[in-house]
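Engineer: Data file data.cif (mmCIF, C-alpha atoms) is appended below.
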data_target
loop_
_atom_site.label_atom_id
_atom_site.label_comp_id
_atom_site.auth_asym_id
_atom_site.auth_seq_id
_atom_site.Cartn_x
_atom_site.Cartn_y
_atom_site.Cartn_z
CA MET A 230 -47.91 -81.34 -24.49
CA VAL A 231 -46.74 -79.01 -27.23
CA ASN A 232 -43.97 -76.56 -26.30
CA ARG A 233 -44.60 -73.20 -27.93
CA ARG A 234 -41.48 -71.18 -28.52
CA GLU A 235 -41.32 -67.62 -27.20
CA VAL A 236 -42.47 -64.92 -29.60
CA THR A 237 -39.62 -62.61 -30.62
CA LEU A 238 -39.25 -59.20 -32.23
CA ALA A 239 -38.12 -61.01 -35.36
CA ASP A 240 -41.52 -62.69 -35.61
CA VAL A 241 -43.26 -59.33 -35.61
CA ALA A 242 -40.75 -57.95 -38.12
CA ALA A 243 -41.35 -60.92 -40.44
CA GLN A 244 -45.12 -60.46 -40.42
CA THR A 245 -45.04 -56.70 -40.91
CA GLY A 246 -42.13 -56.40 -43.30
CA VAL A 247 -40.13 -53.99 -41.18
CA SER A 248 -36.79 -54.29 -39.40
CA VAL A 249 -36.32 -55.65 -35.89
CA GLY A 250 -35.09 -52.17 -34.89
CA THR A 251 -38.36 -50.60 -36.04
CA VAL A 252 -40.34 -53.16 -34.04
CA SER A 253 -38.27 -52.33 -30.97
CA LYS A 254 -38.93 -48.61 -31.38
CA VAL A 255 -42.67 -49.14 -31.72
CA LEU A 256 -42.86 -51.41 -28.66
CA ASN A 257 -40.89 -48.90 -26.59
CA GLY A 258 -42.67 -45.80 -27.89
CA ARG A 259 -39.54 -44.29 -29.37
CA GLY A 260 -38.25 -43.02 -32.65
CA GLN A 261 -39.85 -41.32 -35.62
CA ILE A 262 -42.08 -43.96 -37.18
CA ALA A 263 -44.85 -43.28 -39.69
CA ALA A 264 -48.27 -43.49 -38.08
CA GLN A 265 -49.51 -46.29 -40.36
CA THR A 266 -46.38 -48.37 -39.77
CA ARG A 267 -46.58 -47.84 -36.02
CA GLU A 268 -50.23 -48.92 -35.93
CA ARG A 269 -49.59 -52.00 -38.09
CA VAL A 270 -46.62 -53.15 -36.00
CA ALA A 271 -48.48 -52.49 -32.73
CA ALA A 272 -51.48 -54.52 -33.92
CA VAL A 273 -49.37 -57.54 -34.93
CA ALA A 274 -47.32 -57.37 -31.74
CA THR A 275 -50.47 -57.31 -29.63
CA GLU A 276 -51.93 -60.26 -31.60
CA LEU A 277 -48.75 -62.27 -30.95
CA GLY A 278 -48.82 -61.44 -27.25
CA LEU A 279 -46.11 -58.77 -27.05
CA SER A 280 -46.95 -55.62 -25.09
CA VAL A 281 -46.72 -52.19 -26.64
CA ARG A 282 -45.68 -49.37 -24.32
CA ALA A 283 -48.70 -47.40 -23.10
CA GLY A 284 -48.89 -43.85 -24.32
CA THR A 285 -46.84 -44.51 -27.44
CA ARG A 286 -46.83 -41.28 -29.35
CA THR A 287 -47.36 -40.69 -33.01
CA VAL A 288 -44.63 -38.33 -34.08
CA PRO A 289 -45.84 -35.45 -36.25
CA PRO A 290 -43.85 -34.97 -39.46
CA GLY A 291 -40.75 -32.85 -38.90
CA ARG A 292 -40.69 -33.16 -35.09
CA SER A 293 -37.50 -34.44 -33.47
CA PHE A 294 -38.56 -33.88 -29.84
CA LEU A 295 -35.16 -32.26 -29.29
CA VAL A 296 -34.59 -28.69 -28.10
CA GLY A 297 -31.23 -26.91 -28.06
CA VAL A 298 -30.11 -24.79 -25.12
CA LEU A 299 -27.40 -22.27 -26.00
CA SER A 300 -25.69 -20.66 -23.00
CA THR A 301 -22.79 -18.31 -22.24
CA ASP A 302 -22.70 -19.32 -18.56
CA ALA A 303 -19.51 -21.39 -18.22
CA TYR A 304 -20.06 -22.14 -14.51
CA GLY A 305 -23.71 -23.10 -14.80
CA ARG A 306 -24.67 -20.90 -11.87
CA PHE A 307 -27.58 -19.37 -13.77
CA THR A 308 -28.09 -22.00 -16.47
CA ILE A 309 -28.61 -24.99 -14.17
CA PRO A 310 -31.74 -23.63 -12.43
CA ILE A 311 -33.08 -22.47 -15.81
CA LEU A 312 -32.53 -25.98 -17.20
CA THR A 313 -34.26 -27.48 -14.17
CA GLY A 314 -37.31 -25.30 -14.77
CA ALA A 315 -37.29 -26.03 -18.49
CA GLU A 316 -37.23 -29.76 -17.79
CA ASP A 317 -40.36 -29.35 -15.68
CA THR A 318 -42.11 -28.33 -18.90
CA PHE A 319 -40.26 -30.42 -21.48
CA GLY A 320 -40.16 -33.66 -19.48
CA PRO A 321 -43.87 -34.57 -19.58
CA GLY A 322 -43.81 -34.05 -23.35
CA GLU A 323 -40.77 -36.35 -23.69
CA VAL A 324 -38.70 -33.52 -25.14
CA SER A 325 -34.95 -33.82 -24.61
CA MET A 326 -32.51 -30.92 -24.30
CA LEU A 327 -29.11 -30.56 -25.94
CA LEU A 328 -26.86 -28.10 -24.08
CA ALA A 329 -23.99 -26.08 -25.57
CA GLU A 330 -21.93 -23.38 -23.83
CA SER A 331 -20.34 -20.82 -26.14
CA ARG A 332 -18.28 -18.88 -23.54
CA GLY A 333 -19.64 -15.74 -25.16
CA ASP A 334 -17.59 -16.39 -28.31
CA PRO A 335 -19.60 -15.55 -31.49
CA ILE A 336 -17.66 -18.13 -33.53
CA ARG A 337 -18.42 -20.91 -31.05
CA GLU A 338 -22.02 -19.75 -30.92
CA THR A 339 -22.40 -19.99 -34.69
CA HIS A 340 -20.85 -23.46 -34.62
CA TYR A 341 -23.22 -24.71 -31.92
CA VAL A 342 -26.25 -23.22 -33.65
CA GLN A 343 -25.34 -25.17 -36.78
CA THR A 344 -24.81 -28.29 -34.69
CA PHE A 345 -28.30 -27.92 -33.22
CA LEU A 346 -29.79 -27.45 -36.67
CA ASN A 347 -27.96 -30.54 -37.94
CA GLN A 348 -29.64 -32.44 -35.11
CA ARG A 349 -32.99 -31.10 -36.37
CA VAL A 350 -33.97 -29.49 -33.07
CA ASP A 351 -37.54 -28.24 -32.87
CA GLY A 352 -36.48 -24.98 -31.20
CA ILE A 353 -33.77 -23.27 -29.15
CA VAL A 354 -33.62 -21.64 -25.72
CA VAL A 355 -30.94 -18.95 -25.64
CA THR A 356 -29.66 -18.07 -22.17
CA GLY A 357 -26.63 -16.52 -20.47
CA ARG A 358 -24.97 -15.37 -17.27
CA SER A 359 -26.57 -11.93 -16.88
CA SER A 360 -29.69 -9.94 -17.72
CA ASP A 361 -27.77 -7.69 -20.11
CA PRO A 362 -29.47 -7.73 -23.54
CA ARG A 363 -27.71 -9.80 -26.19
CA PRO A 364 -27.76 -9.72 -30.02
CA SER A 365 -30.56 -11.67 -31.65
CA ILE A 366 -29.70 -14.87 -33.52
CA THR A 367 -33.28 -15.76 -34.43
CA GLY A 368 -32.68 -14.91 -38.07
CA LEU A 369 -29.99 -17.62 -38.28
CA LEU A 370 -32.16 -20.38 -36.92
CA GLY A 371 -35.21 -21.19 -38.98
CA VAL A 372 -36.77 -22.69 -35.83
CA PRO A 373 -38.52 -20.96 -32.90
CA ALA A 374 -36.32 -19.39 -30.22
CA VAL A 375 -36.93 -18.00 -26.73
CA TYR A 376 -34.38 -15.92 -24.82
CA ALA A 377 -34.18 -16.64 -21.07
CA LEU A 378 -32.45 -14.34 -18.54
CA SER A 379 -30.45 -12.58 -21.28
CA PRO A 380 -33.13 -10.86 -23.40
CA SER A 381 -32.77 -10.30 -27.12
CA THR A 382 -32.12 -6.80 -28.40
CA ASP A 383 -34.77 -7.43 -31.06
CA PRO A 384 -38.23 -6.53 -29.67
CA ALA A 385 -39.78 -9.01 -32.12
CA ASP A 386 -38.10 -11.88 -30.25
CA VAL A 387 -39.66 -13.60 -27.24
CA SER A 388 -37.69 -13.05 -24.01
CA ILE A 389 -38.30 -13.93 -20.35
CA VAL A 390 -36.29 -12.38 -17.49
CA PRO A 391 -36.54 -12.08 -13.68
CA ASP A 392 -38.43 -9.01 -12.45
CA ASP A 393 -35.36 -7.27 -10.99
CA GLU A 394 -37.21 -4.08 -10.19
CA ALA A 395 -39.95 -5.76 -8.19
CA GLY A 396 -37.34 -7.90 -6.41
CA ALA A 397 -35.37 -4.82 -5.30
CA ALA A 398 -38.55 -3.11 -4.11
CA ARG A 399 -39.44 -6.21 -2.11
CA ALA A 400 -36.01 -6.13 -0.45
CA ILE A 401 -36.46 -2.49 0.58
CA ASP A 402 -39.97 -3.15 1.87
CA HIS A 403 -38.55 -5.95 4.00
CA LEU A 404 -35.81 -3.73 5.44
CA VAL A 405 -38.32 -0.98 6.20
CA GLY A 406 -40.64 -3.55 7.71
CA THR A 407 -37.91 -4.58 10.14
CA GLY A 408 -37.51 -0.99 11.31
CA ARG A 409 -34.72 0.30 9.04
CA ARG A 410 -34.97 4.00 8.19
CA SER A 411 -31.56 4.89 6.71
CA ILE A 412 -30.72 2.40 3.97
CA ALA A 413 -27.52 2.18 1.93
CA VAL A 414 -27.51 0.70 -1.59
CA VAL A 415 -24.40 -1.12 -2.86
CA SER A 416 -24.21 -2.46 -6.40
CA GLY A 417 -21.93 -3.76 -9.12
CA ALA A 418 -20.91 -1.80 -12.20
CA ARG A 419 -23.31 0.86 -13.52
CA ARG A 420 -23.16 -0.52 -17.06
CA HIS A 421 -25.04 -3.71 -16.20
CA THR A 422 -28.79 -3.87 -16.71
CA ALA A 423 -29.30 -5.69 -13.41
CA SER A 424 -27.40 -2.96 -11.57
CA SER A 425 -29.44 -0.10 -13.02
CA HIS A 426 -32.78 -1.88 -12.55
CA ARG A 427 -32.10 -2.90 -8.95
CA VAL A 428 -30.59 0.41 -7.85
CA GLU A 429 -33.24 2.65 -9.40
CA SER A 430 -36.05 0.50 -8.05
CA ALA A 431 -34.47 0.47 -4.58
CA LYS A 432 -34.19 4.25 -4.61
CA ARG A 433 -37.83 4.64 -5.55
CA ALA A 434 -38.90 2.20 -2.83
CA ILE A 435 -36.82 4.01 -0.19
CA ALA A 436 -38.40 7.32 -1.12
CA ALA A 437 -41.90 5.85 -1.23
CA ALA A 438 -41.44 4.43 2.27
CA GLY A 439 -40.33 7.81 3.64
CA ALA A 440 -36.91 6.37 4.50
CA THR A 441 -33.51 7.90 3.74
CA LEU A 442 -30.92 6.79 1.18
CA ALA A 443 -27.76 6.58 3.28
CA GLY A 444 -24.81 8.42 1.79
CA ALA A 445 -27.14 10.32 -0.60
CA ASP A 446 -26.46 7.93 -3.50
CA ALA A 447 -25.77 4.29 -4.31
CA LEU A 448 -22.22 2.91 -4.27
CA TYR A 449 -21.14 1.23 -7.51
CA GLY A 450 -18.22 -1.16 -7.88
CA GLU A 451 -17.93 -4.81 -8.90
CA TRP A 452 -19.86 -8.02 -8.25
CA SER A 453 -17.53 -9.33 -5.55
CA GLU A 454 -17.12 -9.85 -1.81
CA ARG A 455 -14.03 -7.64 -1.95
CA TRP A 456 -16.10 -4.72 -3.23
CA GLY A 457 -18.80 -5.36 -0.62
CA TYR A 458 -16.16 -5.21 2.11
CA GLU A 459 -14.71 -1.98 0.70
CA ALA A 460 -18.16 -0.40 0.33
CA ALA A 461 -19.03 -1.24 3.94
CA THR A 462 -15.77 0.34 5.05
CA ARG A 463 -16.87 3.58 3.39
CA LEU A 464 -20.29 3.35 5.00
CA LEU A 465 -18.87 3.08 8.50
CA GLY A 466 -18.43 6.84 8.59
CA THR A 467 -22.12 7.47 7.85
CA GLU A 468 -25.45 6.91 9.58
CA PHE A 469 -27.21 3.79 8.33
CA ASP A 470 -29.17 0.87 9.75
CA GLY A 471 -29.86 -1.13 6.58
CA VAL A 472 -27.97 -2.15 3.43
CA PHE A 473 -29.47 -3.38 0.18
CA CYS A 474 -26.80 -5.19 -1.85
CA ALA A 475 -27.43 -5.92 -5.53
CA SER A 476 -25.81 -9.37 -5.22
CA ASP A 477 -25.15 -11.96 -2.53
CA GLN A 478 -21.39 -11.75 -3.04
CA ILE A 479 -21.49 -8.03 -2.28
CA ALA A 480 -23.73 -8.72 0.73
CA ARG A 481 -21.29 -11.24 2.17
CA GLY A 482 -18.45 -8.74 1.91
CA VAL A 483 -20.62 -6.15 3.70
CA VAL A 484 -21.52 -8.60 6.47
CA ASP A 485 -17.88 -9.61 6.97
CA CYS A 486 -16.74 -6.00 7.23
CA LEU A 487 -19.51 -5.03 9.67
CA ARG A 488 -18.77 -8.03 11.87
CA GLU A 489 -15.07 -7.20 12.02
CA ALA A 490 -15.91 -3.57 12.81
CA GLY A 491 -18.03 -4.65 15.76
CA VAL A 492 -21.36 -3.73 14.13
CA VAL A 493 -23.96 -6.36 15.05
CA VAL A 494 -26.02 -7.73 12.16
CA PRO A 495 -29.03 -7.65 12.30
CA THR A 496 -29.42 -5.88 15.66
CA GLN A 497 -27.77 -2.66 14.48
CA VAL A 498 -27.81 -3.09 10.68
CA GLY A 499 -29.97 -5.29 8.46
CA VAL A 500 -28.52 -6.62 5.19
CA VAL A 501 -30.30 -8.03 2.12
CA GLY A 502 -28.67 -9.47 -1.02
CA VAL A 503 -29.89 -10.65 -4.42
CA ASP A 504 -29.59 -14.04 -6.18
CA ASN A 505 -30.25 -16.38 -3.24
CA TRP A 506 -27.02 -18.16 -4.14
CA THR A 507 -27.08 -20.56 -1.19
CA VAL A 508 -23.35 -21.33 -1.47
CA VAL A 509 -22.86 -17.74 -0.30
CA THR A 510 -26.00 -16.88 1.68
CA GLU A 511 -26.10 -19.95 3.91
CA ALA A 512 -22.36 -20.07 4.53
CA ALA A 513 -22.18 -16.42 5.67
CA ARG A 514 -22.26 -15.55 9.38
CA PRO A 515 -24.95 -14.47 9.90
CA SER A 516 -26.75 -16.12 7.00
CA ILE A 517 -27.97 -13.58 4.46
CA THR A 518 -31.55 -12.67 3.56
CA SER A 519 -31.78 -12.60 -0.23
CA VAL A 520 -34.05 -11.99 -3.21
CA ASP A 521 -34.40 -15.20 -5.21
CA LEU A 522 -34.49 -14.46 -8.95
CA ASN A 523 -36.72 -17.50 -9.45
CA LEU A 524 -34.64 -18.75 -12.38
CA ARG A 525 -36.40 -22.10 -12.29
CA GLU A 526 -39.63 -20.27 -13.11
CA VAL A 527 -37.80 -18.33 -15.86
CA GLY A 528 -36.79 -21.68 -17.37
CA ARG A 529 -40.27 -23.13 -16.96
CA GLN A 530 -41.91 -20.16 -18.68
CA ALA A 531 -39.28 -20.09 -21.44
CA ALA A 532 -39.93 -23.76 -22.18
CA ASP A 533 -43.69 -23.24 -22.13
CA LEU A 534 -43.44 -20.34 -24.57
CA LEU A 535 -41.13 -22.33 -26.84
CA MET A 536 -43.47 -25.33 -26.84
CA ARG A 537 -46.36 -23.10 -27.83
CA MET A 538 -44.32 -21.69 -30.71
CA ILE A 539 -43.23 -25.16 -31.83
CA GLN A 540 -46.86 -26.26 -31.87
CA GLY A 541 -47.71 -23.35 -34.15
CA ASP A 542 -49.24 -20.93 -31.67
CA GLU A 543 -48.63 -17.24 -32.29
CA VAL A 544 -46.63 -15.76 -29.41
CA THR A 545 -46.20 -11.99 -29.24
CA GLY A 546 -42.62 -10.76 -29.10
CA GLY A 547 -41.22 -8.65 -26.27
CA VAL A 548 -39.78 -9.08 -22.79
CA ARG A 549 -41.80 -10.90 -20.15
CA THR A 550 -40.90 -11.04 -16.46
CA ALA A 551 -41.01 -13.78 -13.83
CA GLU A 552 -41.77 -12.78 -10.26
CA CYS A 553 -38.92 -12.84 -7.72
CA PHE A 554 -39.38 -13.72 -4.04
CA LEU A 555 -37.60 -12.95 -0.75
CA VAL A 556 -35.90 -15.61 1.39
CA PRO A 557 -35.50 -14.26 4.97
CA ARG A 558 -32.47 -15.31 6.99
CA GLN A 559 -30.49 -14.12 9.99
CA SER A 560 -29.10 -10.90 8.46
CA THR A 561 -32.50 -9.19 8.86
#
Output the structure of this file as structure tokens.
Structural biologist:
Amino acid sequence: MVNRREVTLADVAAQTGVSVGTVSKVLNGRGQIAAQTRERVAAVATELGLSVRAGTRTVPPGRSFLVGVLSTDAYGRFTIPILTGAEDTFGPGEVSMLLAESRGDPIRETHYVQTFLNQRVDGIVVTGRSSDPRPSITGLLGVPAVYALSPSTDPADVSIVPDDEAGAARAIDHLVGTGRRSIAVVSGARRHTASSHRVESAKRAIAAAGATLAGADALYGEWSERWGYEAATRLLGTEFDGVFCASDQIARGVVDCLREAGVVVPTQVGVVGVDNWTVVTEAARPSITSVDLNLREVGRQAADLLMRMIQGDEVTGGVRTAECFLVPRQST
């Protein structure tokens, strides 16, 4: 009986005239290998009895299958769900993401952009920690870019953001639907895009429903529980049975103040927040109904748009919106 030795990668390399590393990449469906080389190596490997990974891709010239993600969100509160959504799109195409966080520093941002370009990324997703518009960097890139959450100030760029206005209107409709007729609106600073969009939309929805804006105008402050508590203290001297808060942190401060003042939520006052930040909404007592910004969908759409641009499709510039949804909890 003749003992046949096991076929190795070196055998394939010897017959095809390539390195063992190249053979390994072909058999595992990885790396940037010329189509002819990949086919030749795969054919010899199959002839010798080695299996080639199913679905091995032929890499188009110039593609790295890498995408950069440039963020200013140091805590990852907004970036993580956007990345999760983006991976839903990139994953099936075997595209990997490289993440850099610039802390909002233009010098760091320039450095990371250059790092991405040195890695030959196919495109870049630019994101941040708010929906305030940010300066365009598309002209520095030379590769396609999509702006997620933080839209570009350049209308020629492709941006995708949550539909803040529709989300605020949905919150008011929910409060009205639970019997609230005098609704207060509490927000962060006026200068923020999210604040203006949510407040103005809430006002319009209150008027359209024939309800009353408690206190005659919205209360503006900061994005914090402390401000929510202070705002609720001011409201205690007015007539109101609902509060729309432009963030969950504000909503938790409102709920805490009302509870300490002996106002029963939701029996006497219903409260809705925005963000659906479960660390806050589910830990509050009572738990807080909130508008989910659907950031995972923002990331998914951003990745889809970027992939289309990378593949050469023409994508019209401008700001697109992703639909928000309401998550009911005990506060309403």
Engineer: Do you have the CA of Tyr376 (chain A)-CA of Phe345 (chain A) distance handy?
Structural biologist: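 According to the coordinates, CA of Tyr376 (chain A) and CA of Phe345 (chain A) are separated by 15.9 Å.
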Engineer: Do you have the CA of Thr266 (chain A)-CA of Arg292 (chain A) distance handy?
Structural biologist: 16.9 Å
Engineer: Please report the interatomic distance between CA of Glu468 (chain A) and CA of Thr422 (chain A) in Å with one decimal.
Structural biologist: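 Pair CA of Glu468 (chain A) / CA of Thr422 (chain A) returns 28.6 Å.
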Engineer: For Ala385 (chain A), please output as a PyMOL selection string all residues within 8 Å (counting only C-alpha atoms; exclusion window: fewer than 5 positions along the same chain).
Structural biologist: chain A and resi 545-547
Engineer: Could you give me, as a Markdown table, every region 417-525 of chain A residue with an atom at most 9 Å from region 296-316 of chain A, plus its closest atom pair and distance in Å to one decimal, counting all atoms listed in the file, rows ordered by chain then number?
Structural biologist:
| residue | atom | partner | partner_atom | distance |
| --- | --- | --- | --- | --- |
| A:Trp506 | CA | A:Arg306 | CA | 8.5 |
| A:Asn523 | CA | A:Pro310 | CA | 8.4 |
| A:Leu524 | CA | A:Ile311 | CA | 5.3 |
| A:Arg525 | CA | A:Gly314 | CA | 4.1 |
Engineer: Hey, can you pull every residue with an atom no more than 8 Å from (-23.8, -12.4, -4.2), using all atoms listed in the file, and send it as JSON, numbers by chain?
Structural biologist: {"A": [452, 453, 454, 475, 476, 477, 478, 479, 480, 481, 502, 503, 504, 505, 506, 509, 510]}
